[in-house]
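Novice: Here it is, the structure, as structure tokens.
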Amino acid sequence: MKFTLLHLIVGSILIGSNLYSQVGATPKVELYNLSLFFINYQETDSPRTKTTGINLKYISKGEVRRIGARVGSLTREFSYTGQRNFSFVEEVIDEEGVVTHVPIVGADLGAKGRKVILVIRDPSGRLVSRVFDISGSKFSENSVRCINLARKQIRAKIGSRIRDLSPMSVSDFEVSGDTRKFLVPLILATDGQGDKAVIIERSRISIKQGERSLVFLYHDTRDLRRVRYKRVTLSDELPFEDETDDEVQETEAVSDEAARDAEREEGR
């Protein structure tokens, strides 16, 4: 059941999304500001380790650069100058020592601007992606944008507005307040058994005047029946230079107690 649901989740990402290569495309280049949100649905070989991040390389202005992403987190924004058919790449060295860069996952960025690239590692280890536009012209100030990456419909109340978000949909919630910093309700719920709703979150969030926030909704990688969320406030400061990250730690050891719990769960 879990394996089937994982493929349904990843399959929904693939709808309308293709894998692109930066080789042989049109020569036109654009300037983009990108950030990356990574979800991992591949189980590790050992219950004593878990995936904590991923290191991905890309080519900007003809140079190879790296961005490191942690699971369930949005990376820093990074500048990319190149074609709209963007790819993350891996280095391949042949017997003669010649290095080539082979696309491993990519997407059409569309028109120049500010984008979020969703990257998911599916149960087989394959990477799939989807792009969301967060440019200011399409994402106004004093608003919260919900991106539902789950296979469930989510009912969201943010501020005074209530909306139902279908799987893989995006919706903006306008918020307002009389002071420089103000509080608005945040209630997220999804269907449970029967007619009973399952509350994901019930709280109030702090908003500054002119702020824009993203809320990512996605399946808990340890229990796909649950939906988690991650809220990120966007900065108005955009990168002007291409940079490269140090490598992030991609796996970490799990405590003995957690490993035993995982082994017991696996043996059921």
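Labels used: A, B, ... for chains in the order of the structure tokens, numbers from 1 for residues in each chain, and numbers from 1 for ligands as shown.
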Per residue of stretch 180-213 of chain A within 7 Å of stretch 226-250 of chain A, note the shortest atom pair and the distance in Å to one decimal, counting only C-alpha atoms, and order the rows by chain and increasing residue number, as a tab-separated table.
Specialist:
residue	atom	partner	partner_atom	distance
A:Ile200	CA	A:Val227	CA	6.8
A:Arg212	CA	A:Leu234	CA	5.8
A:Ser213	CA	A:Thr233	CA	4.3
Novice: Pull N, CA and C atoms from the residues just selected and write them as a short mmCIF file (atom, residue, chain, number, x, y, z; two decimals), in the first residue's frame.
Specialist:
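Once everything was written out, this is part.cif:
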data_model
loop_
_atom_site.label_atom_id
_atom_site.label_comp_id
_atom_site.auth_asym_id
_atom_site.auth_seq_id
_atom_site.Cartn_x
_atom_site.Cartn_y
_atom_site.Cartn_z
N ILE A 200 -4.25 19.43 10.68
CA ILE A 200 -2.79 19.44 10.48
C ILE A 200 -2.16 20.52 11.34
N ARG A 212 5.56 38.28 2.10
CA ARG A 212 5.02 37.17 1.29
C ARG A 212 5.56 35.86 1.87
N SER A 213 4.64 34.92 2.11
CA SER A 213 5.05 33.64 2.71
C SER A 213 4.57 32.48 1.85
#
Novice: Looking only at strand (DSSP E or B) from DSSP on the backbone, list the matching residues of stretch 168-225 of chain A as a PyMOL selection string.
Specialist: chain A and resi 170-174+181-191+197-208+212-219
Novice: Give one line per residue of stretch 25-88 of chain A that approaches stretch 106-128 of chain A to at most 7 Å, naming the two atoms of the closest pair and their distance in Å to one decimal, counting only C-alpha atoms; sort by chain then ascending residue number and deliver it as CSV.
Specialist:
residue,atom,partner,partner_atom,distance
A:Glu30,CA,A:Lys112,CA,5.7
A:Leu31,CA,A:Lys112,CA,5.8
A:Tyr32,CA,A:Gly113,CA,5.0
A:Asn33,CA,A:Arg114,CA,4.7
A:Leu34,CA,A:Lys115,CA,5.0
A:Ser35,CA,A:Val116,CA,5.0
A:Leu36,CA,A:Ile117,CA,4.9
A:Phe37,CA,A:Leu118,CA,4.9
A:Phe38,CA,A:Val119,CA,4.9
A:Ile39,CA,A:Ile120,CA,4.9
A:Asn40,CA,A:Arg121,CA,4.8
A:Tyr41,CA,A:Asp122,CA,5.2
A:Gln42,CA,A:Pro123,CA,4.1
A:Glu43,CA,A:Pro123,CA,6.7
A:Arg84,CA,A:Leu109,CA,4.9
A:Asn85,CA,A:Asp108,CA,4.7
A:Phe86,CA,A:Gly106,CA,5.4
A:Ser87,CA,A:Gly106,CA,3.9
A:Phe88,CA,A:Gly106,CA,5.9
Novice: List the neighbours of A:Val102 out to 9 Å using only C-alpha atoms; skip same-chain residues closer than 5 positions along the sequence, and give me the result as a ChimeraX atom specification.
Specialist: /A:21,87-92
Novice: Those same residues, written as a PDB file, in the first residue's frame with all heavy atoms?
Specialist:
ATOM      1  N   SER A  21      17.196  18.750 -21.071  1.00  0.00           N
ATOM      2  CA  SER A  21      18.650  18.796 -21.143  1.00  0.00           C
ATOM      3  C   SER A  21      19.082  20.176 -21.600  1.00  0.00           C
ATOM      4  O   SER A  21      18.401  20.834 -22.376  1.00  0.00           O
ATOM      5  CB  SER A  21      19.166  17.754 -22.142  1.00  0.00           C
ATOM      6  OG  SER A  21      20.523  17.984 -22.419  1.00  0.00           O
ATOM      7  N   SER A  87      18.638  22.021 -16.103  1.00  0.00           N
ATOM      8  CA  SER A  87      18.912  20.661 -15.639  1.00  0.00           C
ATOM      9  C   SER A  87      19.888  20.674 -14.469  1.00  0.00           C
ATOM     10  O   SER A  87      20.830  21.466 -14.451  1.00  0.00           O
ATOM     11  CB  SER A  87      19.520  19.811 -16.761  1.00  0.00           C
ATOM     12  OG  SER A  87      18.611  19.593 -17.797  1.00  0.00           O
ATOM     13  N   PHE A  88      19.644  19.798 -13.513  1.00  0.00           N
ATOM     14  CA  PHE A  88      20.693  19.422 -12.583  1.00  0.00           C
ATOM     15  C   PHE A  88      21.487  18.306 -13.252  1.00  0.00           C
ATOM     16  O   PHE A  88      20.926  17.479 -13.978  1.00  0.00           O
ATOM     17  CB  PHE A  88      20.106  18.939 -11.262  1.00  0.00           C
ATOM     18  CG  PHE A  88      19.488  20.044 -10.446  1.00  0.00           C
ATOM     19  CD1 PHE A  88      18.115  20.094 -10.259  1.00  0.00           C
ATOM     20  CD2 PHE A  88      20.281  21.027  -9.876  1.00  0.00           C
ATOM     21  CE1 PHE A  88      17.535  21.108  -9.510  1.00  0.00           C
ATOM     22  CE2 PHE A  88      19.717  22.050  -9.124  1.00  0.00           C
ATOM     23  CZ  PHE A  88      18.343  22.089  -8.943  1.00  0.00           C
ATOM     24  N   VAL A  89      22.800  18.290 -13.014  1.00  0.00           N
ATOM     25  CA  VAL A  89      23.675  17.389 -13.771  1.00  0.00           C
ATOM     26  C   VAL A  89      24.574  16.601 -12.833  1.00  0.00           C
ATOM     27  O   VAL A  89      24.759  16.952 -11.662  1.00  0.00           O
ATOM     28  CB  VAL A  89      24.551  18.183 -14.771  1.00  0.00           C
ATOM     29  CG1 VAL A  89      23.693  18.944 -15.767  1.00  0.00           C
ATOM     30  CG2 VAL A  89      25.494  19.152 -14.040  1.00  0.00           C
ATOM     31  N   GLU A  90      25.141  15.508 -13.374  1.00  0.00           N
ATOM     32  CA  GLU A  90      26.198  14.783 -12.672  1.00  0.00           C
ATOM     33  C   GLU A  90      27.403  14.666 -13.593  1.00  0.00           C
ATOM     34  O   GLU A  90      27.262  14.643 -14.823  1.00  0.00           O
ATOM     35  CB  GLU A  90      25.721  13.405 -12.233  1.00  0.00           C
ATOM     36  CG  GLU A  90      25.402  12.438 -13.351  1.00  0.00           C
ATOM     37  CD  GLU A  90      25.006  11.058 -12.822  1.00  0.00           C
ATOM     38  OE1 GLU A  90      25.088  10.861 -11.600  1.00  0.00           O
ATOM     39  OE2 GLU A  90      24.632  10.202 -13.639  1.00  0.00           O
ATOM     40  N   GLU A  91      28.579  14.617 -12.986  1.00  0.00           N
ATOM     41  CA  GLU A  91      29.810  14.510 -13.763  1.00  0.00           C
ATOM     42  C   GLU A  91      30.097  13.056 -14.098  1.00  0.00           C
ATOM     43  O   GLU A  91      30.035  12.187 -13.232  1.00  0.00           O
ATOM     44  CB  GLU A  91      30.981  15.106 -12.969  1.00  0.00           C
ATOM     45  CG  GLU A  91      30.878  16.611 -12.765  1.00  0.00           C
ATOM     46  CD  GLU A  91      32.069  17.173 -12.020  1.00  0.00           C
ATOM     47  OE1 GLU A  91      32.901  16.367 -11.532  1.00  0.00           O
ATOM     48  OE2 GLU A  91      32.174  18.397 -11.923  1.00  0.00           O
ATOM     49  N   VAL A  92      30.414  12.819 -15.359  1.00  0.00           N
ATOM     50  CA  VAL A  92      30.795  11.486 -15.822  1.00  0.00           C
ATOM     51  C   VAL A  92      32.178  11.590 -16.448  1.00  0.00           C
ATOM     52  O   VAL A  92      32.413  12.433 -17.329  1.00  0.00           O
ATOM     53  CB  VAL A  92      29.786  10.930 -16.853  1.00  0.00           C
ATOM     54  CG1 VAL A  92      30.258   9.591 -17.386  1.00  0.00           C
ATOM     55  CG2 VAL A  92      28.408  10.799 -16.224  1.00  0.00           C
TER      56      VAL A  92
END
Novice: Of the candidates A:Pro185, A:Ile67, A:Thr51, A:Lys138, which one gets nearest to A:Arg161 if we count only C-alpha atoms?
Specialist: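 Distance minimum relative to A:Arg161 lands on A:Pro185.
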Novice: Do a neighbour search on A:Phe182 at 10 Å with only C-alpha atoms, toss out local chain neighbours closer than 3 positions, and write the hits as a compact mmCIF listing (two decimals) with C-alpha atoms, in the first residue's frame.
Specialist:
# COMPACT_ATOMS: atom_id res chain seq x y z
CA VAL A 175 -4.02 38.92 4.73
CA SER A 176 -4.21 42.32 6.39
CA GLY A 177 -3.58 44.08 9.68
CA ASP A 178 -3.52 47.59 11.14
CA THR A 179 -0.02 47.40 12.61
CA ARG A 204 -1.83 31.98 14.47
CA ILE A 205 1.06 33.20 12.38
CA SER A 206 2.89 36.50 12.53
CA ILE A 207 2.95 38.60 9.34
CA LYS A 208 4.85 41.82 8.62
CA GLN A 209 3.38 44.46 6.36
Novice: Find the spatial neighbours of stretch 52-59 of chain A, counting only C-alpha atoms, within a cut-off of 6 Å - ignore same-chain residues fewer than 3 positions away - and output them as number ranges by chain.
Specialist: A: 62-71, 88-89, 250-251
Novice: With N, CA and C atoms retained, export the selected residues as a PDB file, in the first residue's frame.
Specialist:
ATOM      1  N   GLY A  62      28.222  28.733 -17.997  1.00  0.00           N
ATOM      2  CA  GLY A  62      29.239  27.799 -18.439  1.00  0.00           C
ATOM      3  C   GLY A  62      30.056  27.182 -17.323  1.00  0.00           C
ATOM      4  N   GLU A  63      29.758  27.495 -16.060  1.00  0.00           N
ATOM      5  CA  GLU A  63      30.507  26.944 -14.928  1.00  0.00           C
ATOM      6  C   GLU A  63      29.615  26.050 -14.081  1.00  0.00           C
ATOM      7  N   VAL A  64      30.205  24.994 -13.522  1.00  0.00           N
ATOM      8  CA  VAL A  64      29.463  24.056 -12.679  1.00  0.00           C
ATOM      9  C   VAL A  64      29.383  24.598 -11.254  1.00  0.00           C
ATOM     10  N   ARG A  65      28.170  24.627 -10.706  1.00  0.00           N
ATOM     11  CA  ARG A  65      27.967  25.103  -9.348  1.00  0.00           C
ATOM     12  C   ARG A  65      27.115  24.087  -8.595  1.00  0.00           C
ATOM     13  N   ARG A  66      27.092  24.217  -7.262  1.00  0.00           N
ATOM     14  CA  ARG A  66      26.386  23.243  -6.438  1.00  0.00           C
ATOM     15  C   ARG A  66      25.420  23.958  -5.493  1.00  0.00           C
ATOM     16  N   ILE A  67      24.250  23.340  -5.315  1.00  0.00           N
ATOM     17  CA  ILE A  67      23.299  23.792  -4.302  1.00  0.00           C
ATOM     18  C   ILE A  67      22.983  22.606  -3.394  1.00  0.00           C
ATOM     19  N   GLY A  68      23.036  22.823  -2.096  1.00  0.00           N
ATOM     20  CA  GLY A  68      22.749  21.762  -1.132  1.00  0.00           C
ATOM     21  C   GLY A  68      21.389  21.969  -0.505  1.00  0.00           C
ATOM     22  N   ALA A  69      20.531  20.951  -0.543  1.00  0.00           N
ATOM     23  CA  ALA A  69      19.171  21.059  -0.004  1.00  0.00           C
ATOM     24  C   ALA A  69      18.971  20.070   1.133  1.00  0.00           C
ATOM     25  N   ARG A  70      18.260  20.477   2.164  1.00  0.00           N
ATOM     26  CA  ARG A  70      17.901  19.592   3.262  1.00  0.00           C
ATOM     27  C   ARG A  70      16.447  19.157   3.099  1.00  0.00           C
ATOM     28  N   VAL A  71      16.147  17.944   3.524  1.00  0.00           N
ATOM     29  CA  VAL A  71      14.803  17.390   3.362  1.00  0.00           C
ATOM     30  C   VAL A  71      13.769  18.282   4.042  1.00  0.00           C
ATOM     31  N   PHE A  88      19.644  19.798 -13.513  1.00  0.00           N
ATOM     32  CA  PHE A  88      20.693  19.422 -12.583  1.00  0.00           C
ATOM     33  C   PHE A  88      21.487  18.306 -13.252  1.00  0.00           C
ATOM     34  N   VAL A  89      22.800  18.290 -13.014  1.00  0.00           N
ATOM     35  CA  VAL A  89      23.675  17.389 -13.771  1.00  0.00           C
ATOM     36  C   VAL A  89      24.574  16.601 -12.833  1.00  0.00           C
ATOM     37  N   GLU A 250      24.272  14.316   3.535  1.00  0.00           N
ATOM     38  CA  GLU A 250      23.109  13.695   2.893  1.00  0.00           C
ATOM     39  C   GLU A 250      22.458  12.619   3.750  1.00  0.00           C
ATOM     40  N   THR A 251      23.193  12.003   4.657  1.00  0.00           N
ATOM     41  CA  THR A 251      22.618  10.992   5.565  1.00  0.00           C
ATOM     42  C   THR A 251      23.177  11.209   6.960  1.00  0.00           C
TER      43      THR A 251
END
